[in-house]
Each structure stands twice: as structure tokens, then as C-alpha cells.
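*Asks:* File name target_5.cif; file contents mmCIF, C-alpha atoms; full text below.
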data_work
#
loop_
_atom_site.label_atom_id
_atom_site.label_comp_id
_atom_site.auth_asym_id
_atom_site.auth_seq_id
_atom_site.Cartn_x
_atom_site.Cartn_y
_atom_site.Cartn_z
CA MET A 1 6.05 3.71 -16.62
CA ILE A 2 2.82 5.17 -15.31
CA THR A 3 0.62 6.62 -18.03
CA GLY A 4 -2.92 7.63 -18.82
CA GLU A 5 -5.75 7.28 -16.33
CA VAL A 6 -3.70 6.12 -13.32
CA LYS A 7 -1.26 9.01 -13.73
CA SER A 8 -4.16 11.45 -13.95
CA LYS A 9 -5.76 10.06 -10.78
CA VAL A 10 -2.53 10.19 -8.76
CA GLY A 11 -1.89 13.70 -10.06
CA ARG A 12 -5.30 14.82 -8.81
CA VAL A 13 -4.57 13.32 -5.39
CA TRP A 14 -1.27 15.19 -5.25
CA ASP A 15 -2.95 18.46 -6.27
CA ALA A 16 -5.63 17.95 -3.60
CA PHE A 17 -2.96 17.77 -0.89
CA TRP A 18 -1.25 20.91 -2.10
CA SER A 19 -4.48 22.89 -2.39
CA GLY A 20 -5.47 21.54 1.04
CA GLY A 21 -2.42 23.03 2.73
CA ILE A 22 0.19 20.24 2.70
CA ALA A 23 3.07 21.57 0.62
CA ASN A 24 5.90 19.28 1.78
CA PRO A 25 6.23 16.67 -1.01
CA LEU A 26 7.67 14.06 1.35
CA GLU A 27 4.71 14.47 3.67
CA VAL A 28 2.29 14.15 0.75
CA MET A 29 4.01 10.95 -0.37
CA GLU A 30 3.97 9.61 3.19
CA GLN A 31 0.23 10.18 3.68
CA ILE A 32 -0.66 8.72 0.27
CA THR A 33 1.40 5.63 1.07
CA TYR A 34 -0.33 5.07 4.42
CA LEU A 35 -3.79 5.42 2.87
CA LEU A 36 -2.98 3.09 -0.02
CA PHE A 37 -1.65 0.55 2.47
CA ILE A 38 -4.84 0.50 4.54
CA LYS A 39 -6.86 0.33 1.32
CA ARG A 40 -4.87 -2.69 0.15
CA LEU A 41 -5.26 -4.39 3.53
CA ASP A 42 -9.03 -4.13 3.18
CA GLU A 43 -8.89 -5.54 -0.35
CA LEU A 44 -6.85 -8.52 0.86
CA GLN A 45 -9.24 -9.06 3.77
CA THR A 46 -12.16 -9.07 1.31
CA VAL A 47 -10.48 -11.91 -0.60
CA LYS A 48 -9.97 -13.79 2.68
CA ASP A 49 -13.63 -13.21 3.61
CA ARG A 50 -14.84 -14.62 0.31
CA ARG A 51 -12.65 -17.68 0.71
CA ALA A 52 -13.96 -18.23 4.23
CA ASN A 53 -17.57 -17.91 3.06
CA ALA A 54 -16.99 -20.30 0.16
CA THR A 55 -15.31 -22.98 2.27
CA GLY A 56 -17.31 -22.46 5.45
CA THR A 57 -14.04 -22.20 7.37
CA PRO A 58 -13.41 -19.08 9.48
CA ASP A 59 -10.36 -16.98 8.60
CA PRO A 60 -7.72 -18.07 11.17
CA ASP A 61 -5.70 -14.85 10.92
CA PRO A 62 -7.86 -11.87 9.87
CA PHE A 63 -6.32 -8.44 9.45
CA PHE A 64 -9.35 -6.92 11.17
CA ASP A 65 -11.07 -8.39 14.25
CA ALA A 66 -14.82 -8.16 14.75
CA ASP A 67 -14.44 -4.94 16.74
CA GLN A 68 -12.16 -3.36 14.11
CA GLN A 69 -14.55 -3.42 11.16
CA ASP A 70 -14.97 0.37 11.27
CA LEU A 71 -11.27 0.64 10.42
CA ARG A 72 -11.69 -1.07 7.05
CA TRP A 73 -11.48 1.16 3.98
CA GLN A 74 -14.79 0.00 2.55
CA ASN A 75 -16.54 0.95 5.79
CA PHE A 76 -14.99 4.27 6.76
CA LYS A 77 -15.00 5.66 3.21
CA VAL A 78 -18.82 5.88 3.21
CA ARG A 79 -19.04 7.73 6.54
CA ASP A 80 -19.58 11.47 6.89
CA PRO A 81 -16.26 13.36 6.56
CA GLU A 82 -16.08 14.33 10.23
CA ILE A 83 -16.80 10.79 11.42
CA MET A 84 -14.35 9.34 8.92
CA TYR A 85 -11.68 11.79 10.07
CA GLY A 86 -12.08 10.65 13.66
CA LEU A 87 -11.96 6.99 12.70
CA VAL A 88 -8.76 7.42 10.67
CA ALA A 89 -7.00 9.65 13.20
CA GLU A 90 -8.01 7.78 16.35
CA GLY A 91 -8.50 4.27 14.99
CA VAL A 92 -6.74 3.49 11.70
CA PHE A 93 -3.35 5.05 12.47
CA PRO A 94 -3.05 3.58 15.99
CA TYR A 95 -4.01 0.24 14.38
CA LEU A 96 -1.24 0.63 11.79
CA ARG A 97 1.31 1.36 14.52
CA ARG A 98 0.33 -1.72 16.55
CA MET A 99 -0.24 -4.16 13.69
CA GLY A 100 1.78 -7.36 14.07
CA GLY A 101 2.31 -7.00 17.80
CA ASP A 102 4.45 -4.66 19.87
CA GLU A 103 7.63 -6.67 19.34
CA SER A 104 7.30 -7.19 15.59
CA THR A 105 9.65 -5.68 13.02
CA TYR A 106 6.65 -4.07 11.38
CA SER A 107 5.49 -2.23 14.51
CA HIS A 108 9.08 -1.15 15.18
CA HIS A 109 9.25 0.64 11.84
CA MET A 110 5.68 1.93 12.00
CA LYS A 111 5.79 3.28 15.56
CA ASP A 112 6.18 6.84 14.29
CA ALA A 113 3.46 6.68 11.63
CA ARG A 114 1.73 10.06 11.73
CA PHE A 115 -1.63 11.20 10.42
CA THR A 116 -1.08 14.80 9.29
CA ILE A 117 -4.05 15.52 7.01
CA PRO A 118 -5.35 18.72 8.59
CA ASN A 119 -9.11 18.49 8.08
CA ALA A 120 -12.01 16.19 7.29
CA ASN A 121 -12.82 17.69 3.90
CA LEU A 122 -9.33 17.07 2.55
CA LEU A 123 -9.34 13.49 3.85
CA ALA A 124 -12.74 12.82 2.26
CA LYS A 125 -11.54 14.20 -1.08
CA VAL A 126 -8.31 12.17 -1.03
CA VAL A 127 -10.10 8.95 -0.01
CA ASP A 128 -12.60 9.44 -2.80
CA LEU A 129 -9.82 9.92 -5.36
CA LEU A 130 -7.77 6.94 -4.12
CA ASP A 131 -10.81 4.67 -4.04
CA ASP A 132 -10.69 4.20 -7.81
CA LEU A 133 -7.05 3.12 -7.82
CA GLY A 134 -6.72 -0.65 -8.21
CA MET A 135 -3.77 -1.96 -6.17
CA ASP A 136 -3.99 -5.65 -7.04
CA LYS A 137 -1.22 -5.54 -9.66
CA SER A 138 2.40 -5.24 -8.54
CA ASP A 139 3.24 -3.03 -11.52
CA THR A 140 0.60 -0.50 -10.47
CA LYS A 141 2.15 -0.13 -7.02
CA GLY A 142 5.62 0.25 -8.51
CA ASP A 143 4.44 2.74 -11.12
CA ILE A 144 2.70 4.88 -8.50
CA TYR A 145 5.80 4.82 -6.29
CA GLU A 146 8.00 5.89 -9.18
CA TYR A 147 5.61 8.64 -10.19
CA LEU A 148 5.48 10.02 -6.65
CA LEU A 149 9.28 10.05 -6.50
CA ALA A 150 9.35 11.93 -9.79
CA LYS A 151 7.17 14.60 -8.18
CA ILE A 152 9.91 15.30 -5.65
CA ALA A 153 12.74 17.54 -6.80
CA SER A 154 15.26 15.53 -4.78
CA ALA A 155 13.86 12.13 -5.81
CA GLY A 156 17.31 10.72 -6.48
CA GLN A 157 18.28 11.26 -2.85
CA ASN A 158 14.99 10.20 -1.29
CA GLY A 159 14.54 6.81 -2.92
CA GLN A 160 15.57 4.49 -5.73
CA PHE A 161 13.64 4.16 -8.95
CA ARG A 162 12.43 0.61 -9.40
CA THR A 163 13.77 -1.84 -11.97
CA PRO A 164 11.31 -2.33 -14.87
CA ARG A 165 9.26 -5.54 -14.62
CA HIS A 166 10.62 -7.12 -17.82
CA ILE A 167 14.21 -6.70 -16.57
CA ILE A 168 13.31 -8.33 -13.24
CA ASP A 169 11.63 -11.22 -15.06
CA LEU A 170 14.77 -11.72 -17.18
CA MET A 171 16.99 -11.74 -14.07
CA VAL A 172 14.78 -14.35 -12.40
CA GLU A 173 14.65 -16.56 -15.50
CA MET A 174 18.44 -16.43 -15.79
CA THR A 175 19.11 -17.25 -12.13
CA GLN A 176 16.41 -19.98 -12.00
CA PRO A 177 15.93 -20.00 -8.20
CA GLY A 178 14.79 -23.21 -6.53
CA PRO A 179 13.08 -24.17 -3.25
CA GLY A 180 16.41 -24.85 -1.55
CA ASP A 181 18.09 -21.60 -2.56
CA GLU A 182 18.62 -18.58 -0.30
CA ILE A 183 17.76 -15.41 -2.19
CA CYS A 184 19.31 -12.10 -1.19
CA ASP A 185 18.73 -8.68 -2.72
CA PRO A 186 21.14 -6.24 -1.00
CA ALA A 187 19.80 -3.31 -3.05
CA CYS A 188 16.17 -4.17 -2.28
CA GLY A 189 13.87 -1.22 -2.90
CA THR A 190 10.27 -2.24 -3.56
CA ALA A 191 11.25 -5.95 -3.36
CA GLY A 192 10.32 -6.58 -6.99
CA PHE A 193 13.07 -9.17 -7.51
CA LEU A 194 12.18 -11.07 -4.33
CA VAL A 195 8.48 -11.12 -5.20
CA GLN A 196 9.09 -12.33 -8.75
CA ALA A 197 11.61 -14.94 -7.53
CA SER A 198 8.99 -16.29 -5.12
CA SER A 199 6.41 -16.44 -7.93
CA TYR A 200 8.91 -18.26 -10.14
CA VAL A 201 9.65 -20.90 -7.47
CA LYS A 202 5.93 -21.48 -6.87
CA ARG A 203 5.28 -21.75 -10.60
CA THR A 204 8.16 -24.07 -11.51
CA HIS A 205 8.27 -26.25 -8.38
CA LYS A 206 4.63 -26.88 -7.59
CA SER A 207 5.31 -30.32 -6.11
CA SER A 208 8.11 -29.13 -3.79
#
Would you kindly transcribe this structure into C-alpha cells?
*Replies:*
Amino acid sequence: MITGEVKSKVGRVWDAFWSGGIANPLEVMEQITYLLFIKRLDELQTVKDRRANATGTPDPDPFFDADQQDLRWQNFKVRDPEIMYGLVAEGVFPYLRRMGGDESTYSHHMKDARFTIPNANLLAKVVDLLDDLGMDKSDTKGDIYEYLLAKIASAGQNGQFRTPRHIIDLMVEMTQPGPGDEICDPACGTAGFLVQASSYVKRTHKSS
């Protein structure tokens, strides 16, 4: 369960949206999710960049091409609010809709991604608040998702609460998946079971 500092930060982001004129809780959740996604993409690209620099081998499949560097979180977050607003509205969101190619499953589901933050000042405030949220731990992402659902009066109809991490770990340990197994999660929400099953296989079958 989300507690302490992370809860306080997410709460301030939520309040910023409401005071900035976005009162629909589903829209608030949607915009936060998009921004956290582009933030996480930049963090993953930073890891890939460091690996490429250390090995001297160019990244064969970067998330951002040379002409897309302005779309990275670390770059647009330091721009003036008006410039950042233009980059996000006219660059980041079209990039999100096209990512993976026009025929990919991802682009199919992201084709209607909308940027609805109404002004540059609100975007700058939200980006500044989200910048301190570390997204490298799977529990953090799940906790934030659950907290956002709890902020919606109809949370039970708009999404499923995630299974606690220790329960997922127990399920994986009991099923003991192997490299040759097909793993299906019909009730997949945030894919916690699938992620932990993959980690288990990699950890217990390193030579496979």
C-alpha cells in the first residue's frame, strides 16, 4: 500500500490538476499515466545510453532517435513552460501514438491518446511534481495505480486493484514456471504475475 512521501507527492499532483481546471478524475488519471510513461521511457533510455557508452557499442534499438531528443523527459522538463507545452502537445503525444509502428498493437491502443492539460503553467507544475517520483520499482508503479483508483469514487468499476506483491511471489513459487511453460493470466491487470513469473524463470534457469 502506498504510504508516506510517495502518497504525498501523488496527492499534490492530483490537487494541482483539480486546481488547474481538470475535475474529471478519469481524465486526471489518464494524463498522469501518460506523463509517467514518457518519464519512464526516458529513464530506460538513460540506462541504455550508459550501457552503450560503457561498451562502445551503439544502442541498436533506441526509444528516441537523434532528432527526437527534445521529446525526452530530462530535456523538455528544463525548458520554459510555453516551449515545454508545445513540445509535449505537438511532439511527445504524437510520438506516443506512433511508437512501435503504425501496425503495432501498441499504436492501435494508443491511437486516441489525448493531451488535455489546458495550459503551460499547469503542465510545468505537474512535471515538476512528477519528476521526483522514482518509477524503477514495480511496487511503486502498482502502488501509484492503486492510489489513483482509490481517488475515483467508482474505482471498483473502472479498474481492478492489484494483487499484493507477497501474494504474487507466493503464487509464482508454488507454480514454479519453467522455460518451456506457457504462462497465461486471464485476469491480467497490471501484469504483476507475468512479470514476477518471468523474473523467476530468469533467476532459476540461468543456463536455459
*Asks:* Can you list what the PyMOL selection byres ((chain A and resi 43) around 10) grabs from this structure, as a list in words?
*Replies:*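 Matching residues under the PyMOL selection byres ((chain A and resi 43) around 10) are Phe37, Ile38, Lys39, Arg40, Leu41, Asp42, Leu44, Gln45, Thr46, Val47, Lys48, Asp49, Arg72, Trp73, Gln74, Gly134, Met135 and Asp136 of chain A.
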*Asks:* For the residues in that selection, give me C-alpha atoms as a PDB file, in the frame of the given file.
*Replies:*
ATOM      1  CA  PHE A  37      -1.650   0.550   2.470  1.00  0.00           C
ATOM      2  CA  ILE A  38      -4.840   0.500   4.540  1.00  0.00           C
ATOM      3  CA  LYS A  39      -6.860   0.330   1.320  1.00  0.00           C
ATOM      4  CA  ARG A  40      -4.870  -2.690   0.150  1.00  0.00           C
ATOM      5  CA  LEU A  41      -5.260  -4.390   3.530  1.00  0.00           C
ATOM      6  CA  ASP A  42      -9.030  -4.130   3.180  1.00  0.00           C
ATOM      7  CA  LEU A  44      -6.850  -8.520   0.860  1.00  0.00           C
ATOM      8  CA  GLN A  45      -9.240  -9.060   3.770  1.00  0.00           C
ATOM      9  CA  THR A  46     -12.160  -9.070   1.310  1.00  0.00           C
ATOM     10  CA  VAL A  47     -10.480 -11.910  -0.600  1.00  0.00           C
ATOM     11  CA  LYS A  48      -9.970 -13.790   2.680  1.00  0.00           C
ATOM     12  CA  ASP A  49     -13.630 -13.210   3.610  1.00  0.00           C
ATOM     13  CA  ARG A  72     -11.690  -1.070   7.050  1.00  0.00           C
ATOM     14  CA  TRP A  73     -11.480   1.160   3.980  1.00  0.00           C
ATOM     15  CA  GLN A  74     -14.790   0.000   2.550  1.00  0.00           C
ATOM     16  CA  GLY A 134      -6.720  -0.650  -8.210  1.00  0.00           C
ATOM     17  CA  MET A 135      -3.770  -1.960  -6.170  1.00  0.00           C
ATOM     18  CA  ASP A 136      -3.990  -5.650  -7.040  1.00  0.00           C
TER      19      ASP A 136
END
*Asks:* How many Å separate CA of His205 (chain A) from CA of Gln176 (chain A)?
*Replies:*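 If I compute the distance from CA of His205 (chain A) to CA of Gln176 (chain A), I get 10.9 Å.
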*Asks:* Got a sec to resolve the PyMOL selection byres ((chain A and resi 178) around 12) on this structure and send the residues as a ChimeraX atom specification?
*Replies:* /A:172-173,175-177,179-183,197-208
*Asks:* Translate the PyMOL selection byres ((chain A and resi 97) around 7) into a concrete residue list for this structure, as a PyMOL selection string.
*Replies:* chain A and resi 93-96+98-99+107+110-111+113
*Asks:* If I put a ball of radius 10 Å at (-10.9, 4.0, 13.5) in the file's coordinates, which residues poke into it when counting only C-alpha atoms, written as an NGL selection string?
*Replies:* :A and (68-73 or 76 or 83-95)
*Asks:* May I ask for the distance between CA of Cys184 (chain A) and CA of His109 (chain A), given in Å to one decimal place?
*Replies:*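 According to the coordinates, CA of Cys184 (chain A) and CA of His109 (chain A) are separated by 20.8 Å.
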*Asks:* Could you tell me which of A:Val126, A:Ala120, A:Val78, A:Leu26 comes closest to Val13 (chain A) if we count all atoms listed in the file?
*Replies:*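 Residue with the minimum atom-to-atom distance to Val13 (chain A): A:Val126.
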*Asks:* Report the distance between CA of Gly11 (chain A) and CA of Tyr106 (chain A) in Å, rounded to one decimal place.
*Replies:*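 Computing the Euclidean distance for CA of Gly11 (chain A) and CA of Tyr106 (chain A) yields 29.1 Å.
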*Asks:* I need the residue nearest Lys125 (chain A) from this list: A:Asp80, A:Gly100, A:Asp61, A:Asn53. Use only C-alpha atoms for the distance.
*Replies:*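 The shortest atom-to-atom distance to Lys125 (chain A) comes from A:Asp80.
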*Asks:* Closest to Val127 (chain A) among A:Ala54, A:Leu149, A:Ile22, A:Leu36, using only C-alpha atoms?
*Replies:*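 Nearest to Val127 (chain A): A:Leu36.
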*Asks:* Only C-alpha atoms, please: region 72-102 of chain A from the block, as a PDB file, in the first residue's frame.
*Replies:*
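Saved to part.pdb:
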ATOM      1  CA  ARG A  72      12.857  13.105 -23.673  1.00  0.00           C
ATOM      2  CA  TRP A  73      11.656  13.972 -20.172  1.00  0.00           C
ATOM      3  CA  GLN A  74      15.063  15.118 -18.973  1.00  0.00           C
ATOM      4  CA  ASN A  75      15.258  17.592 -21.857  1.00  0.00           C
ATOM      5  CA  PHE A  76      11.780  19.085 -22.052  1.00  0.00           C
ATOM      6  CA  LYS A  77      11.375  19.400 -18.273  1.00  0.00           C
ATOM      7  CA  VAL A  78      14.037  22.148 -18.134  1.00  0.00           C
ATOM      8  CA  ARG A  79      12.501  24.246 -20.921  1.00  0.00           C
ATOM      9  CA  ASP A  80      10.370  27.336 -20.367  1.00  0.00           C
ATOM     10  CA  PRO A  81       6.726  26.372 -19.686  1.00  0.00           C
ATOM     11  CA  GLU A  82       5.427  27.638 -23.031  1.00  0.00           C
ATOM     12  CA  ILE A  83       8.135  25.830 -25.003  1.00  0.00           C
ATOM     13  CA  MET A  84       7.650  22.659 -22.972  1.00  0.00           C
ATOM     14  CA  TYR A  85       3.896  22.819 -23.577  1.00  0.00           C
ATOM     15  CA  GLY A  86       4.435  22.960 -27.329  1.00  0.00           C
ATOM     16  CA  LEU A  87       6.914  20.087 -27.256  1.00  0.00           C
ATOM     17  CA  VAL A  88       4.562  17.851 -25.260  1.00  0.00           C
ATOM     18  CA  ALA A  89       1.429  18.723 -27.241  1.00  0.00           C
ATOM     19  CA  GLU A  90       2.965  18.675 -30.718  1.00  0.00           C
ATOM     20  CA  GLY A  91       5.841  16.251 -30.211  1.00  0.00           C
ATOM     21  CA  VAL A  92       5.530  13.881 -27.239  1.00  0.00           C
ATOM     22  CA  PHE A  93       1.900  12.836 -27.709  1.00  0.00           C
ATOM     23  CA  PRO A  94       2.159  12.261 -31.482  1.00  0.00           C
ATOM     24  CA  TYR A  95       5.302  10.232 -30.674  1.00  0.00           C
ATOM     25  CA  LEU A  96       3.372   8.137 -28.141  1.00  0.00           C
ATOM     26  CA  ARG A  97       0.622   7.452 -30.687  1.00  0.00           C
ATOM     27  CA  ARG A  98       3.097   6.309 -33.356  1.00  0.00           C
ATOM     28  CA  MET A  99       5.542   4.416 -31.144  1.00  0.00           C
ATOM     29  CA  GLY A 100       6.123   0.843 -32.308  1.00  0.00           C
ATOM     30  CA  GLY A 101       4.961   1.453 -35.868  1.00  0.00           C
ATOM     31  CA  ASP A 102       1.551   2.060 -37.379  1.00  0.00           C
TER      32      ASP A 102
END
